Number of protein chains: 2
Amino acid sequence: MGSGKTTSFDIAHRAGVSQATVSRALRDSPLVNTQTREKIKKIARELNYHVDRAAAGLRSQHSHTLAILLFEDPTSDDSQINPFFLSMLGNITRAAARRNYDVLVSFQQLSDDWHLKYQLSNRADGIILLGYGDYSGFADKVDKLIKAGTCFTVWGATGPELEDRTIGCDNVDGAFQATSHLLRLGRRKIAFFGGTSDNCPELKQRYDGYCKALTEAGINIDPGLQFDTDFQETSGAWATEELLKSGKPFDAIFAASDLLAIGAIKRLRTSGVRVPIDVSVVGFDDIPAASYFNPSLTTVQQNTITASKHLVNQVIRQIKGKKPKLKLLEPILMVRHSCGGKPRGNS
Amino acid sequence: MGSGKTTSFDIAHRAGVSQATVSRALRDSPLVNTQTREKIKKIARELNYHVDRAAAGLRSQHSHTLAILLFEDPTSDDSQINPFFLSMLGNITRAAARRNYDVLVSFQQLSDDWHLKYQLSNRADGIILLGYGDYSGFADKVDKLIKAGTCFTVWGATGPELEDRTIGCDNVDGAFQATSHLLRLGRRKIAFFGGTSDNCPELKQRYDGYCKALTEAGINIDPGLQFDTDFQETSGAWATEELLKSGKPFDAIFAASDLLAIGAIKRLRTSGVRVPIDVSVVGFDDIPAASYFNPSLTTVQQNTITASKHLVNQVIRQIKGKKPKLKLLEPILMVRHSCGGKPRGNS
DNA sequence: CAAGTTTATGCAATCGTATTCAGTAAATTA
DNA sequence: TAATTTACTGAATACGATTGCATAAACTTG
């Protein structure tokens, strides 16, 4: 039937009104008479009409789309994507859909020049940043984004340069809960895997929470038990290896991510160290695998569904010209089987 | 500096050429002199110019975007997204990026009228369908998509109505391998969880492979050991419950998805049935949790990275006007700890 | 050297919607 | 009744790139 696709002119013709009225009616403009609007909508439905997003976007200069940028190493084919961010991605998509926004997903390297691409190309009205990793290069990008007037929100990071463009969980508190739990179980020589430097504020905050718990318990903080790592499973294995090699006695590990914890437990197992009997381990994130792991992982849960809603809301706030509002979610300690009390009389 | 954003006219002005030449140069058209092109590109870089995708899309009627449609139940807030599709989603995004396509993610219900939306609204040039679930309503949509001339590819399903628009793994072979493995271990009363009806071809094919293995081993197929389910963990628990209640003896379960298998093992455990000693269990998919689960899950692996590449390639083939090409990937049995030999003299 | 070809560029016409501005009929007010 | 407001509607235009067509210069070739 007919040639070419249906446009608002076709509908205007059938309805006996102008194209302008069609455009207004479909966007529920109060300028259009109710009956006219219904008539137009009915015809639109019958003709299977859908607004051309390119045309609408060109005219209005809005894409009604949010970009989710995931910073993971895209060089290697089989590099695993952090399951925590993956589930986040799903939840953000849902939250955005509920607000009538489309979602564009993209993997980037921090070094690339993604910072202006989405806004200037009119491809996304706002950006959500996940898992940016190394913070050093990040601050610079943030600065550029703000200067360019881009609407964006960051998961996890905090800092004055972000000017409240953050949704995260209270990392200090989460780490404090985790470490306190280990202390309560009688553990005293607790190792920490994560960030001790300022490179990644999330990891650093978890370190701060760890220190806080130890200090409050009157325990000295031992630099020999700390390992500066990223979030990866392999790093957990590496840190454990180093720890074992050092010969330093330890009875627990608080790992700043579940993947780190899993890597650690696997490595401990190959050396015959029993978890949780000899060494208790706590993770952070509560990825799906945490509850399936053997032993199931005690970890700090972040509510990704609520977080996703807040992320989406915050970007949309900015798109609508309002100021961003920082939000910290409460972490919850999920107690499972990877940590238990100290056996009596053991080193 | 200056007002408004940079357009191709600005670049044309600076370069002393027409806007048309700028457009051509940036798209590497052979119509433009090499030196002119380099000059234009240099200026574009200096001005931080990015092509307006809305304008380009409007004129060319191409969005250079692929839509990934995930069919999962979006009603409930905390409904878990199948991790298999989630990791697929990540891999597809990467594969698309390598081909210079953007990726739009969307969760849909089969019943909604998504089938024309993306094409007619000029939002995506092609569609990749994942996890459509119930096949009955699906065939109808496929028909409409084809009639509308939409470029799309489906993961998993096969069937004449799809006309080769499929990338999947050889489900029959995968199920055959899994069941044969159980038989080799001495198991004889093997239950099947999955689809025995035509509702979902993937599940049905896995059933066929199961039957084939039993038949070749000269074992009667017992309908009392079969349970018609979807992919969910809860369904695995349900089927196990029913199986236990029936009182029928069984020494193994082949579940058509890992989530089903996990649900089954958890349920068995609460009844004191030991896995793999009393009952061996094999799953399908090899989701990340499979290797972390206790006991780690023997399962059939599908190479999602390769699959994702093929999915993307196939959609792009169609966008470029070529015919789709069906591709079946080889499944690989991953032997882990959820199945073992039968203990001597046990029922 | 004339005629034909190639190469590189510009002009101008789209693509389909949102929106400004102006206009008209009806309703309200003075 | 005239004046003013209200409630809609339409004509015209702008958004910024892509692309068919025309053309001028440079280059071949017999």
# chains A, B, ... in the order shown; residues from 1 in each chain; ligands from 1
>>> residues_around(residues="range 19-23 of chain C", least_positions_apart="4", cutoff="12 Å", atoms="only C-alpha atoms (C1' of nucleotides)", output="number ranges by chain")
A: 19-21, 23-24, 29, 56, 59-60; D: 8-15
>>> select_by_dssp(residues="range 49-273 of chain B", states="helix (DSSP H, G or I)", output="MDAnalysis selection string")
chainID B and resid 53:60 83:98 114:120 135:147 160:162 171:184 201:216 223:225 233:246 258:270
>>> interface_residues(of="chain C", to="chain B", cutoff="12 Å", atoms="only C-alpha atoms (C1' of nucleotides)", output="list of chain:residue names")
C:DT6, C:DT7, C:DA8, C:DT9, C:DG10, C:DC11, C:DA12, C:DA13, C:DT14, C:DC15, C:DG16, C:DT17
>>> write_last_selection(atoms="N, CA and C atoms (P, O5', C5', C4', C3', O3' and C1' of nucleotides)", output="PDB file, in the first residue's frame")
ATOM      1  P    DT C   6      36.657   8.008 -17.802  1.00  0.00           P
ATOM      2  O5'  DT C   6      37.438   8.782 -16.656  1.00  0.00           O
ATOM      3  C5'  DT C   6      38.846   8.980 -16.797  1.00  0.00           C
ATOM      4  C4'  DT C   6      39.305  10.064 -15.846  1.00  0.00           C
ATOM      5  C3'  DT C   6      38.818   9.888 -14.403  1.00  0.00           C
ATOM      6  O3'  DT C   6      39.977   9.896 -13.577  1.00  0.00           O
ATOM      7  C1'  DT C   6      38.483  12.104 -15.141  1.00  0.00           C
ATOM      8  P    DT C   7      39.928   9.750 -12.013  1.00  0.00           P
ATOM      9  O5'  DT C   7      39.868  11.272 -11.566  1.00  0.00           O
ATOM     10  C5'  DT C   7      40.926  12.166 -11.897  1.00  0.00           C
ATOM     11  C4'  DT C   7      40.706  13.460 -11.142  1.00  0.00           C
ATOM     12  C3'  DT C   7      40.213  13.272  -9.704  1.00  0.00           C
ATOM     13  O3'  DT C   7      40.986  14.129  -8.877  1.00  0.00           O
ATOM     14  C1'  DT C   7      38.755  14.714 -10.873  1.00  0.00           C
ATOM     15  P    DA C   8      40.917  14.112  -7.290  1.00  0.00           P
ATOM     16  O5'  DA C   8      40.077  15.435  -7.026  1.00  0.00           O
ATOM     17  C5'  DA C   8      40.545  16.657  -7.580  1.00  0.00           C
ATOM     18  C4'  DA C   8      39.499  17.723  -7.404  1.00  0.00           C
ATOM     19  C3'  DA C   8      38.908  17.825  -6.002  1.00  0.00           C
ATOM     20  O3'  DA C   8      39.136  19.148  -5.551  1.00  0.00           O
ATOM     21  C1'  DA C   8      37.206  17.847  -7.640  1.00  0.00           C
ATOM     22  P    DT C   9      38.797  19.516  -4.012  1.00  0.00           P
ATOM     23  O5'  DT C   9      37.402  20.230  -4.177  1.00  0.00           O
ATOM     24  C5'  DT C   9      37.364  21.520  -4.795  1.00  0.00           C
ATOM     25  C4'  DT C   9      35.969  21.828  -5.249  1.00  0.00           C
ATOM     26  C3'  DT C   9      34.940  22.056  -4.165  1.00  0.00           C
ATOM     27  O3'  DT C   9      34.968  23.419  -3.802  1.00  0.00           O
ATOM     28  C1'  DT C   9      34.045  21.051  -6.156  1.00  0.00           C
ATOM     29  P    DG C  10      33.992  24.017  -2.681  1.00  0.00           P
ATOM     30  O5'  DG C  10      32.694  24.419  -3.522  1.00  0.00           O
ATOM     31  C5'  DG C  10      32.833  25.224  -4.686  1.00  0.00           C
ATOM     32  C4'  DG C  10      31.465  25.453  -5.302  1.00  0.00           C
ATOM     33  C3'  DG C  10      30.387  25.881  -4.306  1.00  0.00           C
ATOM     34  O3'  DG C  10      29.564  26.859  -4.924  1.00  0.00           O
ATOM     35  C1'  DG C  10      29.712  23.895  -5.406  1.00  0.00           C
ATOM     36  P    DC C  11      28.505  27.691  -4.046  1.00  0.00           P
ATOM     37  O5'  DC C  11      27.129  27.311  -4.730  1.00  0.00           O
ATOM     38  C5'  DC C  11      27.106  26.926  -6.096  1.00  0.00           C
ATOM     39  C4'  DC C  11      25.702  26.477  -6.491  1.00  0.00           C
ATOM     40  C3'  DC C  11      24.575  26.964  -5.587  1.00  0.00           C
ATOM     41  O3'  DC C  11      23.478  27.276  -6.422  1.00  0.00           O
ATOM     42  C1'  DC C  11      24.606  24.596  -5.603  1.00  0.00           C
ATOM     43  P    DA C  12      22.192  28.045  -5.805  1.00  0.00           P
ATOM     44  O5'  DA C  12      21.246  26.797  -5.511  1.00  0.00           O
ATOM     45  C5'  DA C  12      21.119  25.785  -6.523  1.00  0.00           C
ATOM     46  C4'  DA C  12      20.244  24.669  -6.007  1.00  0.00           C
ATOM     47  C3'  DA C  12      19.127  25.091  -5.052  1.00  0.00           C
ATOM     48  O3'  DA C  12      18.009  24.302  -5.376  1.00  0.00           O
ATOM     49  C1'  DA C  12      20.436  23.478  -4.010  1.00  0.00           C
ATOM     50  P    DA C  13      16.590  24.695  -4.790  1.00  0.00           P
ATOM     51  O5'  DA C  13      15.983  23.226  -4.662  1.00  0.00           O
ATOM     52  C5'  DA C  13      16.365  22.246  -5.625  1.00  0.00           C
ATOM     53  C4'  DA C  13      16.272  20.874  -5.002  1.00  0.00           C
ATOM     54  C3'  DA C  13      15.040  20.680  -4.111  1.00  0.00           C
ATOM     55  O3'  DA C  13      14.558  19.367  -4.313  1.00  0.00           O
ATOM     56  C1'  DA C  13      16.975  20.251  -2.852  1.00  0.00           C
ATOM     57  P    DT C  14      13.131  18.985  -3.734  1.00  0.00           P
ATOM     58  O5'  DT C  14      13.301  19.324  -2.188  1.00  0.00           O
ATOM     59  C5'  DT C  14      12.792  18.435  -1.193  1.00  0.00           C
ATOM     60  C4'  DT C  14      13.774  17.282  -0.954  1.00  0.00           C
ATOM     61  C3'  DT C  14      13.417  16.525   0.301  1.00  0.00           C
ATOM     62  O3'  DT C  14      13.143  15.188  -0.039  1.00  0.00           O
ATOM     63  C1'  DT C  14      15.696  17.290   0.376  1.00  0.00           C
ATOM     64  P    DC C  15      11.805  14.512   0.575  1.00  0.00           P
ATOM     65  O5'  DC C  15      12.282  13.936   1.988  1.00  0.00           O
ATOM     66  C5'  DC C  15      13.351  13.004   2.083  1.00  0.00           C
ATOM     67  C4'  DC C  15      13.845  12.974   3.501  1.00  0.00           C
ATOM     68  C3'  DC C  15      12.745  13.187   4.536  1.00  0.00           C
ATOM     69  O3'  DC C  15      12.281  11.930   4.976  1.00  0.00           O
ATOM     70  C1'  DC C  15      14.736  14.452   5.050  1.00  0.00           C
ATOM     71  P    DG C  16      10.672  11.713   5.013  1.00  0.00           P
ATOM     72  O5'  DG C  16      10.280  12.366   6.403  1.00  0.00           O
ATOM     73  C5'  DG C  16      10.782  11.779   7.593  1.00  0.00           C
ATOM     74  C4'  DG C  16      10.448  12.667   8.765  1.00  0.00           C
ATOM     75  C3'  DG C  16       8.955  12.981   8.926  1.00  0.00           C
ATOM     76  O3'  DG C  16       8.645  12.824  10.285  1.00  0.00           O
ATOM     77  C1'  DG C  16      10.174  14.973   8.874  1.00  0.00           C
ATOM     78  P    DT C  17       7.195  12.991  10.861  1.00  0.00           P
ATOM     79  O5'  DT C  17       7.432  14.078  11.992  1.00  0.00           O
ATOM     80  C5'  DT C  17       8.386  13.803  12.997  1.00  0.00           C
ATOM     81  C4'  DT C  17       8.971  15.089  13.510  1.00  0.00           C
ATOM     82  C3'  DT C  17       8.024  15.918  14.373  1.00  0.00           C
ATOM     83  O3'  DT C  17       8.496  15.850  15.709  1.00  0.00           O
ATOM     84  C1'  DT C  17       9.281  17.262  12.844  1.00  0.00           C
TER      85       DT C  17
END
>>> closest_atom_pairs(of="chain A", to="chain B", cutoff="6 Å", atoms="only C-alpha atoms", output="CSV")
residue,atom,partner,partner_atom,distance
A:His50,CA,B:Ser121,CA,5.2
A:Val51,CA,B:Ser121,CA,5.4
A:Asp52,CA,B:Ser121,CA,4.3
A:Arg53,CA,B:Ser121,CA,5.6
A:Ala54,CA,B:Ala54,CA,4.4
A:Ala55,CA,B:Leu58,CA,5.5
A:Gly57,CA,B:Ala54,CA,5.6
A:Leu58,CA,B:Ala54,CA,5.0
A:Val103,CA,B:Leu104,CA,5.6
A:Leu104,CA,B:Leu104,CA,4.6
A:Val105,CA,B:Val103,CA,5.8
A:Leu120,CA,B:His50,CA,5.9
A:Ser121,CA,B:Asp52,CA,4.4
A:Asn122,CA,B:Asp52,CA,5.7
A:Ala289,CA,B:Ala289,CA,4.8
A:Tyr292,CA,B:Phe293,CA,4.4
A:Phe293,CA,B:Tyr292,CA,4.4
A:Asn294,CA,B:Asn294,CA,5.1
>>> select_by_dssp(residues="range 72-145 of chain A", states="strand (DSSP E or B)", output="PDB file with C-alpha atoms, in the first residue's frame")
ATOM      1  CA  ASP A 102      16.057   5.299  25.526  1.00  0.00           C
ATOM      2  CA  VAL A 103      19.370   3.912  26.609  1.00  0.00           C
ATOM      3  CA  LEU A 104      22.539   3.751  24.597  1.00  0.00           C
ATOM      4  CA  VAL A 105      25.272   1.464  25.910  1.00  0.00           C
ATOM      5  CA  SER A 106      28.904   1.959  25.220  1.00  0.00           C
ATOM      6  CA  PHE A 107      32.209   0.611  26.458  1.00  0.00           C
ATOM      7  CA  GLN A 108      34.954   3.145  26.586  1.00  0.00           C
ATOM      8  CA  GLY A 126      22.767  12.851  29.407  1.00  0.00           C
ATOM      9  CA  ILE A 127      25.428  10.382  30.424  1.00  0.00           C
ATOM     10  CA  ILE A 128      25.722   7.872  33.240  1.00  0.00           C
ATOM     11  CA  LEU A 129      29.260   6.806  34.075  1.00  0.00           C
ATOM     12  CA  LEU A 130      29.987   3.393  35.540  1.00  0.00           C
TER      13      LEU A 130
END
>>> closest_atom_pairs(of="chain D", to="chain B", cutoff="8 Å", atoms="only C-alpha atoms (C1' of nucleotides)", output="CSV")
residue,atom,partner,partner_atom,distance
D:DC15,C1',B:Ala55,CA,7.6
D:DG16,C1',B:Ala55,CA,5.2
D:DA17,C1',B:Ala56,CA,4.7
D:DT18,C1',B:Arg59,CA,5.7
>>> write_last_selection(atoms="N, CA and C atoms (P, O5', C5', C4', C3', O3' and C1' of nucleotides)", output="PDB file, in the first residue's frame")
ATOM      1  P    DC D  15      18.472  27.334  12.372  1.00  0.00           P
ATOM      2  O5'  DC D  15      18.782  25.946  13.062  1.00  0.00           O
ATOM      3  C5'  DC D  15      17.955  25.371  14.050  1.00  0.00           C
ATOM      4  C4'  DC D  15      17.991  23.878  13.941  1.00  0.00           C
ATOM      5  C3'  DC D  15      19.226  23.334  13.226  1.00  0.00           C
ATOM      6  O3'  DC D  15      20.197  22.979  14.199  1.00  0.00           O
ATOM      7  C1'  DC D  15      17.209  22.196  12.571  1.00  0.00           C
ATOM      8  P    DG D  16      21.687  23.510  13.998  1.00  0.00           P
ATOM      9  O5'  DG D  16      22.323  22.425  13.015  1.00  0.00           O
ATOM     10  C5'  DG D  16      22.469  21.097  13.457  1.00  0.00           C
ATOM     11  C4'  DG D  16      22.778  20.215  12.284  1.00  0.00           C
ATOM     12  C3'  DG D  16      24.022  20.618  11.480  1.00  0.00           C
ATOM     13  O3'  DG D  16      24.755  19.454  11.241  1.00  0.00           O
ATOM     14  C1'  DG D  16      22.203  20.305  10.054  1.00  0.00           C
ATOM     15  P    DA D  17      26.234  19.503  10.732  1.00  0.00           P
ATOM     16  O5'  DA D  17      26.233  18.434   9.553  1.00  0.00           O
ATOM     17  C5'  DA D  17      26.163  17.085   9.882  1.00  0.00           C
ATOM     18  C4'  DA D  17      25.160  16.368   9.010  1.00  0.00           C
ATOM     19  C3'  DA D  17      25.747  15.847   7.708  1.00  0.00           C
ATOM     20  O3'  DA D  17      25.787  14.441   7.789  1.00  0.00           O
ATOM     21  C1'  DA D  17      23.635  16.920   7.372  1.00  0.00           C
ATOM     22  P    DT D  18      26.667  13.664   6.723  1.00  0.00           P
ATOM     23  O5'  DT D  18      25.619  13.444   5.544  1.00  0.00           O
ATOM     24  C5'  DT D  18      24.538  12.558   5.751  1.00  0.00           C
ATOM     25  C4'  DT D  18      23.724  12.466   4.480  1.00  0.00           C
ATOM     26  C3'  DT D  18      24.467  11.914   3.263  1.00  0.00           C
ATOM     27  O3'  DT D  18      23.574  10.998   2.655  1.00  0.00           O
ATOM     28  C1'  DT D  18      23.502  13.982   2.716  1.00  0.00           C
TER      29       DT D  18
END
>>> atom_distance(atom1="CA of Thr166 in chain B", atom2="CA of Val154 in chain B")
4.9 Å
>>> atom_distance(atom1="CA of Ile253 in chain B", atom2="CA of Cys169 in chain B")
21.1 Å
>>> residues_around(residues="DT5 in chain C", least_positions_apart="6", cutoff="10 Å", atoms="only C-alpha atoms (C1' of nucleotides)", output="list of chain:residue names")
D:DC27, D:DT28, D:DT29
>>> write_last_selection(atoms="C-alpha atoms (C1' of nucleotides)", output="short mmCIF file (atom, residue, chain, number, x, y, z; two decimals), in the first residue's frame")
data_model
loop_
_atom_site.label_atom_id
_atom_site.label_comp_id
_atom_site.auth_asym_id
_atom_site.auth_seq_id
_atom_site.Cartn_x
_atom_site.Cartn_y
_atom_site.Cartn_z
"C1'" DC D 27 44.29 15.26 -18.11
"C1'" DT D 28 44.07 11.62 -22.11
"C1'" DT D 29 44.14 10.24 -26.47
#
>>> residues_around(residues="range 332-334 of chain B", least_positions_apart="2", cutoff="9 Å", atoms="only C-alpha atoms (C1' of nucleotides)", output="PDB file with C-alpha atoms, in the first residue's frame")
ATOM      1  CA  GLY B 174      24.398 -30.025  23.382  1.00  0.00           C
ATOM      2  CA  GLN B 177      26.301 -34.561  24.974  1.00  0.00           C
ATOM      3  CA  ALA B 178      24.944 -33.739  28.411  1.00  0.00           C
ATOM      4  CA  HIS B 181      27.652 -37.927  29.866  1.00  0.00           C
ATOM      5  CA  PHE B 284      22.856 -25.690  30.100  1.00  0.00           C
ATOM      6  CA  ASP B 286      27.382 -21.983  31.526  1.00  0.00           C
ATOM      7  CA  LEU B 297      27.843 -27.124  37.780  1.00  0.00           C
ATOM      8  CA  THR B 298      28.507 -29.471  34.899  1.00  0.00           C
ATOM      9  CA  THR B 299      26.882 -27.697  32.007  1.00  0.00           C
ATOM     10  CA  VAL B 300      26.810 -27.085  28.283  1.00  0.00           C
ATOM     11  CA  GLN B 301      28.693 -23.995  27.274  1.00  0.00           C
ATOM     12  CA  GLN B 302      27.671 -21.703  24.474  1.00  0.00           C
ATOM     13  CA  ASN B 303      30.320 -19.332  23.266  1.00  0.00           C
ATOM     14  CA  GLU B 330      29.095 -25.925  18.574  1.00  0.00           C
ATOM     15  CA  ARG B 336      32.495 -29.972  36.802  1.00  0.00           C
TER      16      ARG B 336
END
